[in-house]
>>> print(open('entry.pdb').read())   # PDB, C-alpha atoms
ATOM      1  CA  MET L 314      94.504  84.186  93.611
ATOM      2  CA  THR L 315      98.037  84.881  92.489
ATOM      3  CA  LEU L 316     100.602  87.050  94.219
ATOM      4  CA  ILE L 317     100.879  89.305  91.162
ATOM      5  CA  GLU L 318      97.105  89.799  91.159
ATOM      6  CA  PHE L 319      97.167  90.545  94.897
ATOM      7  CA  ILE L 320      99.902  93.148  94.437
ATOM      8  CA  GLN L 321      97.840  94.807  91.689
ATOM      9  CA  HIS L 322      94.805  95.061  93.980
ATOM     10  CA  PHE L 323      97.011  96.212  96.859
ATOM     11  CA  ALA L 324      98.580  98.961  94.718
ATOM     12  CA  GLU L 325      95.147 100.243  93.678
ATOM     13  CA  GLN L 326      94.635 101.403  97.276
ATOM     14  CA  PHE L 327      97.466 103.929  96.939
ATOM     15  CA  GLU L 328      97.193 107.240  95.105
ATOM     16  CA  GLU L 329     100.831 107.634  94.068
ATOM     17  CA  THR L 330     102.348 104.159  94.350
ATOM     18  CA  GLU L 331     102.214 101.930  91.274
ATOM     19  CA  ALA L 332     102.116  98.126  91.292
ATOM     20  CA  ASN L 333     105.543  97.914  89.624
ATOM     21  CA  ASP L 334     106.937  99.871  92.620
ATOM     22  CA  LEU L 335     105.876  97.009  94.892
ATOM     23  CA  SER L 336     107.257  93.511  95.327
ATOM     24  CA  PRO L 337     106.501  90.612  97.663
ATOM     25  CA  GLU L 338     109.350  91.811  99.914
ATOM     26  CA  THR L 339     108.025  95.380 100.152
ATOM     27  CA  VAL L 340     107.533  96.489 103.748
ATOM     28  CA  PHE L 341     104.346  98.397 103.037
ATOM     29  CA  ARG L 342     104.401 100.357 106.300
ATOM     30  CA  ASP L 343     107.608 102.049 105.093
ATOM     31  CA  ASN L 344     105.680 103.647 102.218
ATOM     32  CA  ASP L 345     105.120 107.377 102.784
ATOM     33  CA  GLU L 346     101.464 106.974 101.839
ATOM     34  CA  TRP L 347     100.772 104.293 104.467
ATOM     35  CA  SER L 348      98.271 105.265 107.159
ATOM     36  CA  SER L 349      95.630 103.671 109.340
ATOM     37  CA  LEU L 350      93.038 104.775 106.785
ATOM     38  CA  LEU L 351      94.942 102.973 104.038
ATOM     39  CA  ALA L 352      95.083  99.874 106.247
ATOM     40  CA  LEU L 353      91.290  99.960 106.427
ATOM     41  CA  SER L 354      91.140 100.343 102.635
ATOM     42  CA  VAL L 355      93.346  97.276 102.220
ATOM     43  CA  MET L 356      91.154  95.322 104.622
ATOM     44  CA  ALA L 357      88.053  96.368 102.659
ATOM     45  CA  MET L 358      89.731  95.402  99.368
ATOM     46  CA  VAL L 359      90.592  91.954 100.743
ATOM     47  CA  ASP L 360      86.988  91.499 101.858
ATOM     48  CA  GLU L 361      85.589  92.651  98.510
ATOM     49  CA  GLU L 362      88.027  90.857  96.187
ATOM     50  CA  TYR L 363      88.678  87.656  98.156
ATOM     51  CA  ASN L 364      85.747  87.457 100.584
ATOM     52  CA  VAL L 365      88.190  87.341 103.512
ATOM     53  CA  GLN L 366      87.714  89.490 106.584
ATOM     54  CA  LEU L 367      91.083  90.354 108.076
ATOM     55  CA  SER L 368      91.273  91.238 111.739
ATOM     56  CA  ALA L 369      93.217  94.271 112.920
ATOM     57  CA  ASN L 370      95.608  91.847 114.612
ATOM     58  CA  GLU L 371      96.276  90.017 111.333
ATOM     59  CA  MET L 372      96.924  93.353 109.637
ATOM     60  CA  ARG L 373      99.439  94.243 112.374
ATOM     61  CA  GLN L 374     101.177  90.855 112.039
ATOM     62  CA  ALA L 375     102.026  91.416 108.378
ATOM     63  CA  ASN L 376     105.068  93.504 107.541
ATOM     64  CA  THR L 377     105.543  92.651 103.880
ATOM     65  CA  ILE L 378     103.104  92.190 101.037
ATOM     66  CA  GLN L 379     104.096  88.509 100.918
ATOM     67  CA  GLU L 380     103.182  88.078 104.590
ATOM     68  CA  LEU L 381      99.818  89.766 104.036
ATOM     69  CA  PHE L 382      99.207  87.613 100.954
ATOM     70  CA  ASP L 383      99.996  84.487 102.992
ATOM     71  CA  ILE L 384      97.537  85.493 105.705
ATOM     72  CA  VAL L 385      94.777  86.122 103.156
ATOM     73  CA  ASN L 386      95.636  82.899 101.337
ATOM     74  CA  SER L 387      95.370  80.924 104.599
ATOM     75  CA  HIS L 388      91.692  81.944 104.808
ATOM     76  CA  LEU L 389      90.860  80.699 101.302
TER      77      LEU L 389
END
>>> encode(input="entry.pdb", output="structure tokens")
Amino acid sequence: MTLIEFIQHFAEQFEETEANDLSPETVFRDNDEWSSLLALSVMAMVDEEYNVQLSANEMRQANTIQELFDIVNSHL
């Protein structure tokens, strides 16, 4: 898994946000589209793409895409 690949999958969860609008330093909660439903979509994507089940606590711990990537990567 690469960070670029992760950002692509992450961006696919949004309707209006494109992958090139996101970077590792992006604080995803600051995005206008972010919601608890989108958080569940991201968790489902991580499970489907990487076979990693994130806990709600792990999701809350991450503020940036890089931090979320690092959490997922730590389970691989």
>>> residues_around(input="entry.pdb", residues="region 348-354 of chain L", least_positions_apart="4", cutoff="9 Å", atoms="only C-alpha atoms", output="MDAnalysis selection string")
chainID L and resid 326:327 342 358:359 369 372
>>> axis_aligned_box(input="entry.pdb", around="region 348-363 of chain L", padding_each_side="6 Å", output="JSON")
{"center_x": 91.9, "center_y": 96.5, "center_z": 102.8, "size_x": 24.7, "size_y": 29.6, "size_z": 25.2}
>>> atom_distance(input="entry.pdb", atom1="CA of Phe323 (chain L)", atom2="CA of Val355 (chain L)")
6.6 Å
>>> atom_distance(input="entry.pdb", atom1="CA of Val340 (chain L)", atom2="CA of Glu361 (chain L)")
22.9 Å
>>> atom_distance(input="entry.pdb", atom1="CA of Glu329 (chain L)", atom2="CA of Ser368 (chain L)")
25.9 Å
